[in-house]
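Student: The structure's right below; bear with me while I get my questions together.
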Amino acid sequence: MAKCAICGKIRLVAANVSHAHNVSKKYQKPNLRKVSVKIDGQSKKIWVCAKCLKAGKVDEIYRK
Ligand SMILES: [Zn+2]
C-alpha cells in the first residue's frame with residue numbers, strides 16, 4: 001500500500017532521537033491518497049501521493 005502508483009515514492013527510514021540520545025528507527029510515509037482514475041476505459045482506485053495529485057499527474061474521476 002505505502003507506495004505511490006505514479007512516482008513510486010515509498011517510506012523513508014529516519015531516526016527518532018530522544019533527549020538522552022537513544023536512537024530508534026522510524027518510518028516517514030508519503031502523503032498517500034486513494035483516488036479513482038480511468039485506466040483503459042475502466043475506473044480503478046489507485047494510491048497516489050499528494051505531490052503527484054497537486055502536480056496534476058493523474059486525472060481524477062471524482063473525489064470524496
Ligand atoms: Zn507520487
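Quick note on naming: the chains in the C-alpha cells go A, B, ... in the order shown, residues restart at 1 in each chain, and ligands are numbered from 1 in order of appearance.
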When you look at A:Ile6 with a cut-off of 12 Å (counting only C-alpha atoms), what residues show up, excluding the ones that are within fewer than 3 positions of it in the same chain? I need them as a PyMOL selection string.

Tutor: chain A and resi 3+9-10+32-33+35+37+46-53+55-59

Student: Please measure the separation of atom CA of A:Lys54 and atom CA of A:Lys26, giving the value in Å to one decimal.

Tutor: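 Interatomic distance here is 26.4 Å.
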
Student: Atom CA of A:Lys29 and atom CA of A:Val13 are how many Å apart?

Tutor: 9.0 Å

Student: Could you tell me, as a ChimeraX atom specification, which residues of chain A DSSP assigns to alpha helix (DSSP H) when given the backbone?

Tutor: /A:50-54

Student: Going by DSSP on the backbone, which bits of chain A are strand (DSSP E)? Write them as a list in words, please.

Tutor: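 Strand (DSSP E) assignments inside chain A correspond to Leu12, Val13, Ala14, Ala15, Asn16, Val17, Val23, Ser24, Lys25, Lys26, Tyr27, Gln28, Leu32, Arg33, Lys34, Val35, Ser36, Val37, Lys38, Ile39, Gln42, Ser43, Lys44, Lys45, Ile46, Trp47, Val48 and Cys49 of chain A.
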
Student: For those residues, write N, CA and C atoms to a file as a CSV table (one decimal), in the first residue's frame.

Tutor:
```csv
chain,number,residue,atom,x,y,z
A,12,LEU,N,10.4,6.5,4.0
A,12,LEU,CA,11.8,6.7,4.3
A,12,LEU,C,12.1,6.1,5.6
A,13,VAL,N,13.4,5.7,5.9
A,13,VAL,CA,13.8,5.3,7.2
A,13,VAL,C,14.5,6.5,7.8
A,14,ALA,N,14.0,6.9,9.0
A,14,ALA,CA,14.6,8.0,9.7
A,14,ALA,C,14.9,7.6,11.1
A,15,ALA,N,15.4,8.5,11.9
A,15,ALA,CA,15.8,8.2,13.3
A,15,ALA,C,15.0,9.1,14.2
A,16,ASN,N,14.5,8.4,15.3
A,16,ASN,CA,14.0,9.2,16.4
A,16,ASN,C,15.1,9.3,17.4
A,17,VAL,N,15.4,10.5,17.8
A,17,VAL,CA,16.5,10.7,18.8
A,17,VAL,C,15.9,11.4,20.0
A,23,VAL,N,18.6,6.3,20.1
A,23,VAL,CA,18.2,6.4,18.7
A,23,VAL,C,17.4,5.2,18.3
A,24,SER,N,16.2,5.4,17.8
A,24,SER,CA,15.4,4.3,17.3
A,24,SER,C,14.9,4.6,15.9
A,25,LYS,N,14.6,3.5,15.1
A,25,LYS,CA,14.2,3.7,13.7
A,25,LYS,C,12.8,4.2,13.7
A,26,LYS,N,12.4,5.0,12.7
A,26,LYS,CA,11.1,5.4,12.5
A,26,LYS,C,10.9,5.5,11.0
A,27,TYR,N,9.6,5.4,10.6
A,27,TYR,CA,9.4,5.5,9.1
A,27,TYR,C,8.6,6.7,8.8
A,28,GLN,N,9.0,7.4,7.8
A,28,GLN,CA,8.3,8.6,7.3
A,28,GLN,C,7.6,8.2,6.0
A,32,LEU,N,-0.2,9.7,1.1
A,32,LEU,CA,-0.9,9.0,0.0
A,32,LEU,C,-2.4,9.1,0.1
A,33,ARG,N,-3.0,9.3,-1.1
A,33,ARG,CA,-4.5,9.4,-1.1
A,33,ARG,C,-5.0,8.3,-2.1
A,34,LYS,N,-6.1,7.8,-1.8
A,34,LYS,CA,-6.7,6.8,-2.7
A,34,LYS,C,-7.6,7.5,-3.7
A,35,VAL,N,-7.3,7.5,-5.0
A,35,VAL,CA,-8.1,8.2,-6.0
A,35,VAL,C,-8.6,7.3,-7.0
A,36,SER,N,-9.8,7.6,-7.6
A,36,SER,CA,-10.4,6.9,-8.7
A,36,SER,C,-9.8,7.5,-10.0
A,37,VAL,N,-9.3,6.7,-10.9
A,37,VAL,CA,-8.8,7.1,-12.2
A,37,VAL,C,-9.3,6.2,-13.2
A,38,LYS,N,-9.3,6.7,-14.5
A,38,LYS,CA,-9.8,5.8,-15.6
A,38,LYS,C,-8.6,5.3,-16.3
A,39,ILE,N,-8.5,3.9,-16.3
A,39,ILE,CA,-7.4,3.2,-16.9
A,39,ILE,C,-8.0,2.3,-17.9
A,42,GLN,N,-11.8,1.8,-17.9
A,42,GLN,CA,-12.4,1.4,-16.6
A,42,GLN,C,-11.9,2.2,-15.5
A,43,SER,N,-12.8,2.5,-14.5
A,43,SER,CA,-12.3,3.2,-13.4
A,43,SER,C,-11.7,2.3,-12.4
A,44,LYS,N,-10.6,2.8,-11.8
A,44,LYS,CA,-9.8,1.9,-10.9
A,44,LYS,C,-9.3,2.8,-9.8
A,45,LYS,N,-9.2,2.3,-8.6
A,45,LYS,CA,-8.7,3.0,-7.4
A,45,LYS,C,-7.2,2.8,-7.2
A,46,ILE,N,-6.4,3.8,-7.2
A,46,ILE,CA,-5.0,3.6,-7.0
A,46,ILE,C,-4.5,4.6,-5.9
A,47,TRP,N,-3.4,4.3,-5.3
A,47,TRP,CA,-2.8,5.1,-4.3
A,47,TRP,C,-1.9,6.1,-5.0
A,48,VAL,N,-2.1,7.4,-4.7
A,48,VAL,CA,-1.3,8.4,-5.3
A,48,VAL,C,-0.8,9.4,-4.2
A,49,CYS,N,0.4,9.8,-4.3
A,49,CYS,CA,0.9,10.8,-3.3
A,49,CYS,C,0.3,12.2,-3.5
```

Student: Determine the nearest neighbour of ligand 1 from the options A:Glu60, A:Ala2, A:Gly41, A:Ala20, counting only C-alpha atoms and all ligand atoms.

Tutor: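 Once distances to ligand 1 are computed over only C-alpha atoms and all ligand atoms, the minimum belongs to A:Ala2.
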